[in-house]
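Structure first, then comments.
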Amino acid sequence: MPEGILCNKTPVDTVEQLQALLADKSGKQYYEEMKLLDVDTPALWATIQKSLKSRLRTWLEICARCGMCADSCFFYLANDRDPTQVPSYKIQSTLGDMVRRKGKVDNAFMHYAMDTAWSRCTCCNRCGMYCPFGIDMGVMFSYLRGLLFSQGFVPWELKIGSGMHRIYRAQMDVTTDDWVETCGWMCEEYEEDWPGLEFPVDKPNADIIYTVNAREVKHYPEDLAEAAILFHLAGENWTVPSEGWEETSLAMFAGDWVGCKKQVESVYAAMERLKPKRMVVTECGHAYRATVIEGPYWAGLKTGQTPVESFHYVEWVAEALRTGKLKIDPAKRIKEPVTYQDSCNYIRNAGLRECAREIMSYIAEDFREMRPCGEHNFCCGGGGGLNGIGRYREQRNVGLKVKRDQILATGAKLVVSPCHNCWDAIRDLEEIYHIGIRWSFLKPLLLKMVIVPEHLRPEE
Amino acid sequence: MFKKILFATSASPVCDNAAKVAFDLELKWDARLIVFHVLGIPTHGFSPFVTDVRTGEREQVDPDYVDWVKEEMRNTYADLLKDTENVTLEAAVGVPHREILRKARDEDVDMIVMGAHTRPEDIGASRFRNVVGSTMQKVAKGARCPVVIISRPCTTCWKLFSNIVVGIDLSKASGAAFLWAARLAREVDANLHIFHAVDLAGTEVGQIKSQEEIEAHIATVRGKIENLYLPQLKGYEKVTVMVREGVPYVEILKQARERQADLIVMAHHTREIDPEQALLGSTVEQVVLRSACPVASVNRLDKTVDTSA
């Protein structure tokens, strides 16, 4: 049973494996090896039998191929209504066939399934809202990704990403020391401008435990400083854990179920250890979905809830504005037309639509909704890991057209985007289509307009 | 005073003037020089792609690519590298100002040397719009050690500096700038010119200060300098004090010109780091744009006193 050196059925669990993959630029050798990778059909069928439960079986069977899902899919719209982009077709021709054939599929089929699962679906779950039967193709594609991962058919970048989680419990090679050191560094860099600023690590019984995205630690630590400053101004009793601080999950994008479990368990362990009242996560969409919505099930928590109540950053901001912990200077509110990118993962999949509107009512004078918006909003075009996969760059760029047209129709030149992946997709669509927009996370905007209480101002 | 220097470079001709100074410091002060280039800006969300700092192209970084960039750096600085003993070339992925600050912190360097502009094509734009490269601004704001910005050829060897102008605004940060300037002046036996400009541009519209008011203000500041700053020099005598009224950056530049300054030292402690917001620029940015000599920005006490003794 031929397996490649880089492309194989073994997940990445060691630094050596990880480095070998990273050295293979753009996954050239990896994808060559994939062409020869055998499918272990008995194992695949055994996995399906064990893990394909009644809900997904029913969905596959009752789908009437009515096509109501077609217009709900941004890929279908962006690709001139190509019938092969209809969600029901996409899932039936991949997972559906795989099940009907009892796992007896070949390498070419697996390639087709991989390309479909990662470049023609971002698991945004919009189709599920429009199916008369409530069939959610996004959920099924997430499941299909798991089957593909188990057989080694996974995009190169995501094999690396899931390996990072397995080794570092973070999506990048950030160690505990790196993380704690970065917290101290940011405190040091900003404490002169913000007297009394703290960055408490491992403080037990805090009101808030704050968790982040490793990219903030690795490349954009200002984001951490901004979060600390806003907690400081709001007078919060908060902390970060030295371990279990990473809330994102590329393992989820990759379909690495074991990696998913390991990752969220590290966060839940931090909650158990430090006993905070609640958890707040940074401005990241999939992190919230992974750790708060899906994670409890991965970890086998019977309640389906995280060990302590968990909040997305927009929930915390809305609350802080509502209760007056943060006060906005009316003169500094955003005057120009501004729109808001509803992230699928915390708006559609977690119902936080109103939090976003509440925040905009405090900070913007001319807020313009995209159409459709809220839980009906389209994916930014880069979700589900698609932004980061080189093999599917072209498909991704075509898909961005839907978001481009939505933004243009609002007339706004500023897009508030409290999600790392949406932020990237919107930046990329500006680079590709040049529509003259700017985009921002919430934190830097808030810092520009929040009233700093007298006693927290630096001495002049 | 300079045991370890970080030369942050865009590895393009814009940084050539800064390169000469950095390599000269390595030679004359027997310092360790780290030539540091940040090659690609990563995305916020998950992606292995970076935007190449020089070409603006999308790149996937692997060990070979980093080696290739280092080789390019070696070629760029081939002439300067000939006479050196203690230089290392390093490249990293990240946001330039952040990685420069990280490196400076990790290595605990005594000084950062950089050019004022990050991209060649930005030069005209920068000068036209009066905005200095934002990387420089952010590094100057965040660094704990002095940051020297060089935008024009500096022909005088630092050991031969004879006139150092230190612009102070009586803030805590400018106290650090003063101490560092004094330390350098003492070390190279240069004249130290302490300068303060009473900002007339800051007067509210419709209010005109009378000459008496201005002179009274100047006298007060002069008194503060004599009482608070001069005693810290502990007997160093090659010092002048000058207080003038006007637009601060113009007055500092005039002073530098009159004194034939080899170096201007100032604090850069504006809280606004967004280059768009700082369009009109703080004093230090205006000085950097126009100064004929290098400008050192010092905000913190970390490297102002000799701790080796």
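Numbering starts fresh at 1 for the residues of each chain in the structure tokens, the chains themselves are lettered A, B, ... in the order given, and ligands are numbered from 1 as they appear.
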
Practice task
Apply DSSP to the backbone of this structure and, from segment 88-279 of chain A, keep only the residues in strand (DSSP E or B); write these as an MDAnalysis selection string.
Solution key: chainID A and resid 201 208:212 238:240 246 278:279

Exercise for the section: Would you kindly report the residues of chain A within 7 Å of chain B, using only C-alpha atoms, as a ChimeraX atom specification? Expected result: /A:22-23,25-26,189,215,219,385,387-389,420-421,424

Exercise for the section: Please run DSSP on the backbone and report, as an MDAnalysis selection string, all residues within segment 256-441 of chain A that come out as alpha helix (DSSP H). Expected result: chainID A and resid 257:274 285:288 295:298 313:322 353:363 393:410 420:433

Long-range neighbours of Gly374 of chain A as a tab-separated table (two decimals) with C-alpha atoms, in the first residue's frame, 10 Å cut-off, only C-alpha atoms, 4 positions minimum in chain:
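Result file selection-v9.tsv:
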chain	number	residue	atom	x	y	z
A	340	TYR	CA	-20.27	45.24	8.98
A	341	GLN	CA	-19.10	41.83	7.83
A	342	ASP	CA	-21.20	39.21	9.58
A	343	SER	CA	-18.92	36.26	10.20
A	344	CYS	CA	-20.71	32.97	9.48
A	347	ILE	CA	-23.42	35.23	13.55
A	348	ARG	CA	-25.13	32.46	11.59
A	351	GLY	CA	-26.83	33.85	16.74
A	352	LEU	CA	-24.82	36.92	17.74
A	353	ARG	CA	-26.36	39.15	15.08
A	354	GLU	CA	-27.84	41.65	17.53
A	356	ALA	CA	-22.98	43.41	16.22
A	357	ARG	CA	-25.89	45.82	15.57
A	369	GLU	CA	-26.31	46.83	6.33
A	370	MET	CA	-25.14	44.55	3.58
A	378	PHE	CA	-22.78	35.46	2.60

Would you list the contacts of Arg54 of chain B as a CSV table (one decimal) with C-alpha atoms, in the first residue's frame, taking every protein, DNA or RNA residue within 9 Å and counting only C-alpha atoms, but skipping same-chain residues closer than 2 positions in sequence?
chain,number,residue,atom,x,y,z
B,10,SER,CA,14.9,47.4,3.7
B,11,ALA,CA,18.0,46.0,1.8
B,12,SER,CA,17.4,48.6,-0.9
B,39,LEU,CA,11.2,40.1,4.1
B,40,GLY,CA,7.5,39.3,4.1
B,51,THR,CA,3.6,39.7,1.0
B,52,ASP,CA,7.2,40.3,-0.1
B,56,GLY,CA,4.7,43.5,-3.1
B,57,GLU,CA,4.3,40.0,-4.5
B,118,THR,CA,11.0,51.8,3.7
B,119,ARG,CA,10.4,51.6,0.0

Exercise for the section: Could you check which of A:Val258, A:Cys124, A:Leu6, A:Ala43 is closest to Glu375 of chain A, using only C-alpha atoms? Expected result: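 Checking each candidate against Glu375 of chain A, we get A:Cys124 as the closest.
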
Problem - For Leu33 of chain B: contacts at 12 Å, only C-alpha atoms, fewer than 5 positions along chain excluded, given as a VMD selection string - result: chain B and resid 2 to 8 19 21 to 28 81 84 to 90 104 107 109 to 113

Exercise for the section: May I ask for the distance between atom CA of Ala170 of chain A and atom CA of Gly244 of chain A, given in Å to one decimal place? Expected result: 8.6 Å

Exercise for the section: For Pro276 of chain A, list every protein, DNA or RNA residue within 9 Å, evaluated using only C-alpha atoms, and leave out those in the same chain fewer than 4 positions away; present the list as a list of chain:residue names. Expected result: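 Once the adjacent positions are removed, what remains is A:Lys203, A:Pro204, A:Asn205, A:Ala206, A:Asp207, A:Ile208, A:Ile209, A:Trp238, A:Thr239, A:Met271, A:Glu272, A:Val308.
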